[in-house]
$ cat structure.cif   # mmCIF, C-alpha atoms
data_run
#
loop_
_atom_site.label_atom_id
_atom_site.label_comp_id
_atom_site.auth_asym_id
_atom_site.auth_seq_id
_atom_site.Cartn_x
_atom_site.Cartn_y
_atom_site.Cartn_z
CA MET C 6 96.39 65.82 96.90
CA THR C 7 96.92 69.57 96.49
CA GLY C 8 94.78 70.34 99.54
CA ARG C 9 96.66 67.84 101.70
CA ALA C 10 100.02 69.22 100.63
CA PHE C 11 98.83 72.78 101.23
CA LEU C 12 97.68 71.95 104.77
CA ALA C 13 100.87 69.99 105.49
CA VAL C 14 103.08 72.94 104.52
CA LEU C 15 100.85 75.30 106.53
CA ARG C 16 101.03 73.04 109.61
CA ARG C 17 104.81 72.94 109.31
CA ASP C 18 105.02 76.75 109.25
CA LEU C 19 102.69 77.02 112.23
CA PHE C 20 104.75 74.45 114.13
CA VAL C 21 107.94 76.42 113.49
CA THR C 22 106.22 79.60 114.68
CA GLY C 23 105.21 77.81 117.89
CA ARG C 24 108.82 76.82 118.54
CA GLU C 25 109.94 80.40 117.92
CA LEU C 26 107.18 81.96 120.03
CA PRO C 27 109.45 84.23 122.17
CA SER C 28 111.04 85.84 119.12
CA PHE C 29 107.62 86.13 117.46
CA LEU C 30 106.19 87.94 120.51
CA ALA C 31 109.18 90.27 120.68
CA GLN C 32 108.96 91.07 116.99
CA THR C 33 105.25 91.85 117.03
CA LEU C 34 104.57 93.34 120.47
CA VAL C 35 107.58 95.40 121.54
CA GLN C 36 107.06 98.32 119.14
CA PRO C 37 103.28 98.78 119.65
CA PHE C 38 103.69 98.31 123.42
CA PHE C 39 106.11 101.23 123.59
CA PHE C 40 103.89 103.30 121.29
CA LEU C 41 101.07 102.82 123.77
CA LEU C 42 103.30 103.37 126.78
CA VAL C 43 104.88 106.60 125.56
CA PHE C 44 102.06 108.23 123.58
CA VAL C 45 99.22 107.31 125.96
CA VAL C 46 100.53 106.53 129.44
CA VAL C 47 103.60 108.75 129.74
CA LEU C 48 102.35 111.74 127.74
CA GLY C 49 98.87 111.32 129.21
CA ARG C 50 100.08 111.56 132.77
CA GLY C 51 102.14 114.58 131.81
CA GLY C 52 99.02 116.27 130.45
CA PHE C 53 100.34 116.46 126.88
CA VAL C 54 97.54 114.34 125.40
CA ALA C 55 93.85 114.01 126.28
CA PRO C 56 92.81 111.16 128.61
CA GLU C 57 90.69 109.58 125.86
CA TYR C 58 93.58 109.46 123.39
CA GLY C 59 94.22 105.80 124.25
CA GLN C 60 90.76 104.94 122.91
CA ILE C 61 91.79 106.53 119.60
CA MET C 62 95.26 105.05 119.32
CA LEU C 63 94.67 101.45 120.41
CA PRO C 64 92.54 100.55 117.34
CA GLY C 65 95.32 101.95 115.18
CA LEU C 66 97.89 99.80 116.97
CA ILE C 67 95.72 96.72 116.50
CA ALA C 68 95.56 97.52 112.78
CA LEU C 69 99.32 98.10 112.74
CA ASN C 70 100.00 94.71 114.31
CA ALA C 71 97.63 92.95 111.94
CA MET C 72 99.18 94.40 108.82
CA PHE C 73 102.84 94.63 109.82
CA GLY C 74 102.80 91.30 111.66
CA ALA C 75 101.70 89.62 108.45
CA LEU C 76 103.91 91.72 106.20
CA GLN C 77 107.07 90.99 108.15
CA ALA C 78 106.22 87.29 108.38
CA VAL C 79 106.51 86.87 104.64
CA THR C 80 108.73 89.67 103.28
CA LEU C 81 112.15 89.08 104.83
CA PRO C 82 112.00 85.25 104.86
CA LEU C 83 110.89 85.26 101.23
CA VAL C 84 113.75 87.50 100.16
CA PHE C 85 116.25 85.03 101.64
CA GLU C 86 114.41 81.95 100.39
CA LEU C 87 114.40 83.24 96.83
CA SER C 88 118.05 84.26 96.80
CA TRP C 89 120.80 83.06 99.10
CA THR C 90 119.34 80.03 100.87
CA ARG C 91 116.99 78.83 98.08
CA GLU C 92 114.89 77.09 100.73
CA ILE C 93 111.93 77.77 98.49
CA ASP C 94 113.05 74.81 96.35
CA ASP C 95 111.88 72.40 99.07
CA ARG C 96 108.38 73.87 98.95
CA LEU C 97 108.32 73.77 95.16
CA LEU C 98 108.82 70.00 95.34
CA ALA C 99 105.54 69.61 97.23
CA PRO C 100 102.71 68.06 95.15
CA MET C 101 100.84 71.30 94.56
CA PRO C 102 100.96 74.09 91.95
CA VAL C 103 103.58 76.79 92.35
CA TRP C 104 100.91 79.45 92.78
CA ALA C 105 99.53 77.47 95.73
CA VAL C 106 102.91 77.82 97.47
CA ALA C 107 102.50 81.60 97.20
CA VAL C 108 98.93 81.42 98.51
CA GLU C 109 100.11 79.31 101.47
CA LYS C 110 102.56 82.04 102.39
CA ILE C 111 99.73 84.59 102.36
CA VAL C 112 97.52 82.38 104.54
CA PHE C 113 100.33 81.64 107.00
CA ALA C 114 101.40 85.28 107.25
CA GLY C 115 97.76 86.32 107.61
CA LEU C 116 97.36 83.97 110.59
CA ARG C 117 100.47 85.46 112.20
CA GLY C 118 99.14 88.96 111.66
CA LEU C 119 95.79 87.98 113.16
CA LEU C 120 97.48 86.52 116.24
CA ALA C 121 99.74 89.55 116.62
CA SER C 122 96.78 91.93 116.56
CA LEU C 123 94.71 89.89 119.02
CA LEU C 124 97.62 89.76 121.45
CA MET C 125 97.61 93.55 121.49
CA VAL C 126 94.09 93.63 122.95
CA PRO C 127 94.88 92.37 126.48
CA ILE C 128 97.90 94.65 126.62
CA GLY C 129 95.64 97.58 125.82
CA PHE C 130 93.13 96.54 128.47
CA LEU C 131 95.89 96.40 131.08
CA MET C 132 97.35 99.80 130.21
CA ILE C 133 94.34 102.02 129.49
CA ASP C 134 90.63 102.29 130.26
CA ILE C 135 88.73 100.69 127.38
CA ARG C 136 85.00 100.71 126.69
CA TRP C 137 84.09 98.99 123.44
CA PRO C 138 80.52 98.42 122.19
CA VAL C 139 79.66 94.73 121.90
CA ASP C 140 78.06 95.20 118.49
CA GLY C 141 81.34 96.60 117.17
CA LEU C 142 83.42 93.51 117.92
CA ALA C 143 82.36 91.53 114.83
CA PRO C 144 83.10 94.31 112.28
CA ALA C 145 86.35 95.04 114.14
CA LEU C 146 87.38 91.39 113.78
CA LEU C 147 86.51 91.55 110.08
CA MET C 148 88.80 94.56 109.68
CA VAL C 149 91.59 92.75 111.55
CA VAL C 150 91.28 89.76 109.21
CA LEU C 151 91.32 92.06 106.17
CA GLY C 152 94.34 93.92 107.55
CA SER C 153 96.21 90.66 108.13
CA LEU C 154 95.50 89.37 104.62
CA LEU C 155 96.39 92.76 103.16
CA GLY C 156 99.73 92.79 104.97
CA ALA C 157 100.46 89.24 103.81
CA ALA C 158 99.62 90.06 100.18
CA MET C 159 101.74 93.22 100.31
CA GLY C 160 104.57 91.24 101.88
CA LEU C 161 104.46 88.69 99.07
CA THR C 162 104.61 91.47 96.49
CA ILE C 163 107.47 93.30 98.22
CA GLY C 164 109.38 90.10 98.94
CA THR C 165 109.36 89.10 95.30
CA ALA C 166 110.13 92.60 94.00
CA VAL C 167 112.96 93.75 96.28
CA PRO C 168 116.45 92.54 95.24
CA PRO C 169 118.48 90.96 98.08
CA ARG C 170 121.10 93.72 97.91
CA ARG C 171 118.40 96.32 98.61
CA ILE C 172 117.09 94.63 101.73
CA ASN C 173 119.06 96.96 104.02
CA ILE C 174 117.01 100.00 103.01
CA LEU C 175 113.68 98.16 102.90
CA PHE C 176 112.47 99.31 106.32
CA ALA C 177 113.49 102.94 105.88
CA VAL C 178 112.02 103.34 102.41
CA ILE C 179 108.85 101.24 102.70
CA PHE C 180 107.95 100.37 106.28
CA THR C 181 108.51 103.73 107.98
CA PRO C 182 106.30 105.76 105.59
CA LEU C 183 103.60 103.08 105.86
CA LEU C 184 103.75 103.29 109.64
CA PHE C 185 103.42 107.06 109.97
CA THR C 186 100.86 107.68 107.22
CA GLY C 187 98.47 104.87 108.17
CA SER C 188 96.21 106.81 110.58
CA VAL C 189 97.53 104.72 113.47
CA GLN C 190 98.08 107.71 115.75
CA TYR C 191 95.27 109.95 114.47
CA PRO C 192 91.78 109.79 112.90
CA TRP C 193 91.98 110.51 109.18
CA LEU C 194 89.23 113.15 109.17
CA THR C 195 91.14 115.32 111.66
CA LEU C 196 93.70 116.05 108.93
CA ALA C 197 91.36 118.38 107.04
CA ASP C 198 93.59 121.39 107.79
CA LEU C 199 96.66 119.47 106.58
CA ARG C 200 95.30 118.48 103.21
CA TRP C 201 98.51 117.22 101.60
CA PHE C 202 99.13 114.81 104.46
CA GLN C 203 95.50 113.71 104.42
CA VAL C 204 95.81 112.83 100.73
CA LEU C 205 99.08 111.01 101.43
CA SER C 206 97.42 109.03 104.21
CA ALA C 207 94.51 108.16 101.92
CA LEU C 208 96.99 106.41 99.59
CA ASN C 209 98.10 104.11 102.41
CA PRO C 210 95.86 101.01 102.72
CA LEU C 211 96.71 100.79 106.43
CA THR C 212 94.63 103.95 106.88
CA TYR C 213 91.43 102.10 106.00
CA VAL C 214 92.19 99.22 108.37
CA SER C 215 92.89 101.65 111.21
CA GLU C 216 89.79 103.69 110.46
CA GLY C 217 87.63 100.58 110.09
CA ILE C 218 88.62 99.25 113.51
CA ARG C 219 88.20 102.72 114.99
CA ALA C 220 84.75 103.07 113.40
CA SER C 221 83.74 99.73 114.94
CA LEU C 222 85.15 100.17 118.43
CA VAL C 223 85.10 103.95 118.93
CA PRO C 224 82.19 105.09 116.72
CA GLN C 225 81.92 108.48 118.44
CA VAL C 226 85.28 109.50 116.96
CA PRO C 227 85.07 110.98 113.41
CA HIS C 228 86.00 108.25 110.94
CA ILE C 229 85.83 107.12 107.33
CA PRO C 230 82.55 105.22 106.60
CA LEU C 231 82.92 101.54 107.46
CA TRP C 232 81.86 100.33 104.00
CA VAL C 233 84.74 102.28 102.46
CA CYS C 234 87.12 100.78 105.03
CA VAL C 235 85.98 97.30 103.99
CA LEU C 236 85.95 97.87 100.23
CA VAL C 237 89.41 99.43 99.86
CA PRO C 238 91.36 96.67 101.70
CA MET C 239 89.44 93.99 99.79
CA ALA C 240 90.39 95.57 96.48
CA ALA C 241 93.99 96.00 97.66
CA ILE C 242 94.15 92.34 98.75
CA VAL C 243 93.09 91.18 95.29
CA LEU C 244 95.56 93.54 93.59
CA PHE C 245 98.58 92.67 95.75
CA THR C 246 97.78 88.95 95.70
CA LEU C 247 97.80 88.91 91.91
CA LEU C 248 100.99 90.98 91.79
CA GLY C 249 102.61 88.84 94.46
CA ILE C 250 101.75 85.54 92.77
CA ARG C 251 103.02 86.89 89.45
CA GLY C 252 106.30 87.96 91.05
CA PHE C 253 106.58 84.68 92.94
CA LEU C 254 106.14 82.62 89.79
CA ARG C 255 108.80 84.67 88.05
CA ARG C 256 111.35 84.45 90.89
CA ALA C 257 110.66 80.87 91.98
CA LEU C 258 110.99 79.45 88.47
CA ASP C 259 113.94 81.64 87.52
#

$ encode --input "structure.cif" --output "structure tokens"
Amino acid sequence: MTGRAFLAVLRRDLFVTGRELPSFLAQTLVQPFFFLLVFVVVLGRGGFVAPEYGQIMLPGLIALNAMFGALQAVTLPLVFELSWTREIDDRLLAPMPVWAVAVEKIVFAGLRGLLASLLMVPIGFLMIDIRWPVDGLAPALLMVVLGSLLGAAMGLTIGTAVPPRRINILFAVIFTPLLFTGSVQYPWLTLADLRWFQVLSALNPLTYVSEGIRASLVPQVPHIPLWVCVLVPMAAIVLFTLLGIRGFLRRALD
């Protein structure tokens, strides 16, 4: 019974996403598209960045879409569902444990993050010259899945911790620092001469997703060892999932 209810709620969320596909595409693709356009195409043609910079940045943008696509899919809707609209009450009436409702949100958001990251690949192929090793595709996909689940788990934690009245400053205080310290635009090892920023970037779990995809697809670029890039997101997923479920139980049953 619990499994059927879980899949039914998941199918409903996926169906709603399908009906809102244009807004989903705009939300997940506009920002990384312009990152690639400005930082690689425009600045590249002007001679301000090296021709191979696109190979470095695209894995970071794929990681960004995986994590932020999932994070945004759960954070803002959850804040509203737990406060003003109380739409969460409909889900709590489903014949499954309350913690399973939280897990469903992680799975659904993770699927959205996975789709958002995969959609970035053809855009990258159209805009820049890409040469990826075939044997790196499987570990890269693993890192994308981990990044999507990590973003979903973080989104659940943030969505249950941020009061509704603080939602206006959520992006400035949380999302912007995550974006610019996540090794999206640069390999982490190149920050050796800027040690304080390297340490700051090491505290951001997005760094390990970006570096893991970069290690898989552009192995000639200096990168954090792949096993570290796998281990850290896995540990972070467990931590944020437990925190998120705890917060969800507290807010949903309040």

$ residues_around --input "structure.cif" --residues "Val233 in chain C" --least-positions-apart "4" --cutoff "9 Å" --atoms "all atoms listed in the file" --output "list in words"
Tyr213, Gly217, Ile229, Val237 and Pro238 of chain C

$ residues_around --input "structure.cif" --residues "Leu155 in chain C" --least-positions-apart "5" --cutoff "7 Å" --atoms "all atoms listed in the file" --output "ChimeraX atom specification"
/C:72,238,241-242

$ atom_distance --input "structure.cif" --atom1 "CA of Ile174 in chain C" --atom2 "CA of Met159 in chain C"
16.9 Å

$ residues_around --input "structure.cif" --residues "range 114-123 of chain C" --least-positions-apart "2" --cutoff "10 Å" --atoms "all atoms listed in the file" --output "PyMOL selection string"
chain C and resi 18-19+22+29-30+32-34+37+64+66-80+108-112+125-128+146+149-158+160-161

$ write_last_selection --input "structure.cif" --atoms "C-alpha atoms" --output "mmCIF file, in the frame of the given file"
data_model
loop_
_atom_site.group_PDB
_atom_site.id
_atom_site.type_symbol
_atom_site.label_atom_id
_atom_site.label_comp_id
_atom_site.auth_asym_id
_atom_site.auth_seq_id
_atom_site.Cartn_x
_atom_site.Cartn_y
_atom_site.Cartn_z
ATOM 1 C CA ASP C 18 105.020 76.750 109.250
ATOM 2 C CA LEU C 19 102.690 77.020 112.230
ATOM 3 C CA THR C 22 106.220 79.600 114.680
ATOM 4 C CA PHE C 29 107.620 86.130 117.460
ATOM 5 C CA LEU C 30 106.190 87.940 120.510
ATOM 6 C CA GLN C 32 108.960 91.070 116.990
ATOM 7 C CA THR C 33 105.250 91.850 117.030
ATOM 8 C CA LEU C 34 104.570 93.340 120.470
ATOM 9 C CA PRO C 37 103.280 98.780 119.650
ATOM 10 C CA PRO C 64 92.540 100.550 117.340
ATOM 11 C CA LEU C 66 97.890 99.800 116.970
ATOM 12 C CA ILE C 67 95.720 96.720 116.500
ATOM 13 C CA ALA C 68 95.560 97.520 112.780
ATOM 14 C CA LEU C 69 99.320 98.100 112.740
ATOM 15 C CA ASN C 70 100.000 94.710 114.310
ATOM 16 C CA ALA C 71 97.630 92.950 111.940
ATOM 17 C CA MET C 72 99.180 94.400 108.820
ATOM 18 C CA PHE C 73 102.840 94.630 109.820
ATOM 19 C CA GLY C 74 102.800 91.300 111.660
ATOM 20 C CA ALA C 75 101.700 89.620 108.450
ATOM 21 C CA LEU C 76 103.910 91.720 106.200
ATOM 22 C CA GLN C 77 107.070 90.990 108.150
ATOM 23 C CA ALA C 78 106.220 87.290 108.380
ATOM 24 C CA VAL C 79 106.510 86.870 104.640
ATOM 25 C CA THR C 80 108.730 89.670 103.280
ATOM 26 C CA VAL C 108 98.930 81.420 98.510
ATOM 27 C CA GLU C 109 100.110 79.310 101.470
ATOM 28 C CA LYS C 110 102.560 82.040 102.390
ATOM 29 C CA ILE C 111 99.730 84.590 102.360
ATOM 30 C CA VAL C 112 97.520 82.380 104.540
ATOM 31 C CA MET C 125 97.610 93.550 121.490
ATOM 32 C CA VAL C 126 94.090 93.630 122.950
ATOM 33 C CA PRO C 127 94.880 92.370 126.480
ATOM 34 C CA ILE C 128 97.900 94.650 126.620
ATOM 35 C CA LEU C 146 87.380 91.390 113.780
ATOM 36 C CA VAL C 149 91.590 92.750 111.550
ATOM 37 C CA VAL C 150 91.280 89.760 109.210
ATOM 38 C CA LEU C 151 91.320 92.060 106.170
ATOM 39 C CA GLY C 152 94.340 93.920 107.550
ATOM 40 C CA SER C 153 96.210 90.660 108.130
ATOM 41 C CA LEU C 154 95.500 89.370 104.620
ATOM 42 C CA LEU C 155 96.390 92.760 103.160
ATOM 43 C CA GLY C 156 99.730 92.790 104.970
ATOM 44 C CA ALA C 157 100.460 89.240 103.810
ATOM 45 C CA ALA C 158 99.620 90.060 100.180
ATOM 46 C CA GLY C 160 104.570 91.240 101.880
ATOM 47 C CA LEU C 161 104.460 88.690 99.070
#

$ atom_distance --input "structure.cif" --atom1 "CA of Gly187 in chain C" --atom2 "CA of Val84 in chain C"
24.5 Å

$ resolve_selection --input "structure.cif" --expression "the PyMOL selection byres ((chain C and resi 40-47) around 12)" --output "PyMOL selection string"
chain C and resi 34-39+48-67+69-70+125-126+128-134+184-185+189-191

$ residues_around --input "structure.cif" --residues "Pro138 in chain C" --least-positions-apart "5" --cutoff "12 Å" --atoms "only C-alpha atoms" --output "short mmCIF file (atom, residue, chain, number, x, y, z; two decimals) with C-alpha atoms, keeping the file's coordinate frame"
data_model
loop_
_atom_site.label_atom_id
_atom_site.label_comp_id
_atom_site.auth_asym_id
_atom_site.auth_seq_id
_atom_site.Cartn_x
_atom_site.Cartn_y
_atom_site.Cartn_z
CA ALA C 143 82.36 91.53 114.83
CA PRO C 144 83.10 94.31 112.28
CA ALA C 145 86.35 95.04 114.14
CA ILE C 218 88.62 99.25 113.51
CA ARG C 219 88.20 102.72 114.99
CA ALA C 220 84.75 103.07 113.40
CA SER C 221 83.74 99.73 114.94
CA LEU C 222 85.15 100.17 118.43
CA VAL C 223 85.10 103.95 118.93
CA PRO C 224 82.19 105.09 116.72
CA GLN C 225 81.92 108.48 118.44
#

$ atom_distance --input "structure.cif" --atom1 "CA of Pro210 in chain C" --atom2 "CA of Leu87 in chain C"
26.3 Å

$ axis_aligned_box --input "structure.cif" --around "range 251-258 of chain C" --padding-each-side "4 Å" --output "lines of an AutoDock Vina configuration file"
center_x = 107.2
center_y = 83.7
center_z = 90.5
size_x = 16.3
size_y = 16.5
size_z = 12.9

$ residues_around --input "structure.cif" --residues "Pro100 in chain C" --least-positions-apart "6" --cutoff "12 Å" --atoms "only C-alpha atoms" --output "list of chain:residue names"
C:Met6, C:Thr7, C:Gly8, C:Arg9, C:Ala10, C:Phe11, C:Leu12, C:Ala13, C:Val14, C:Val106
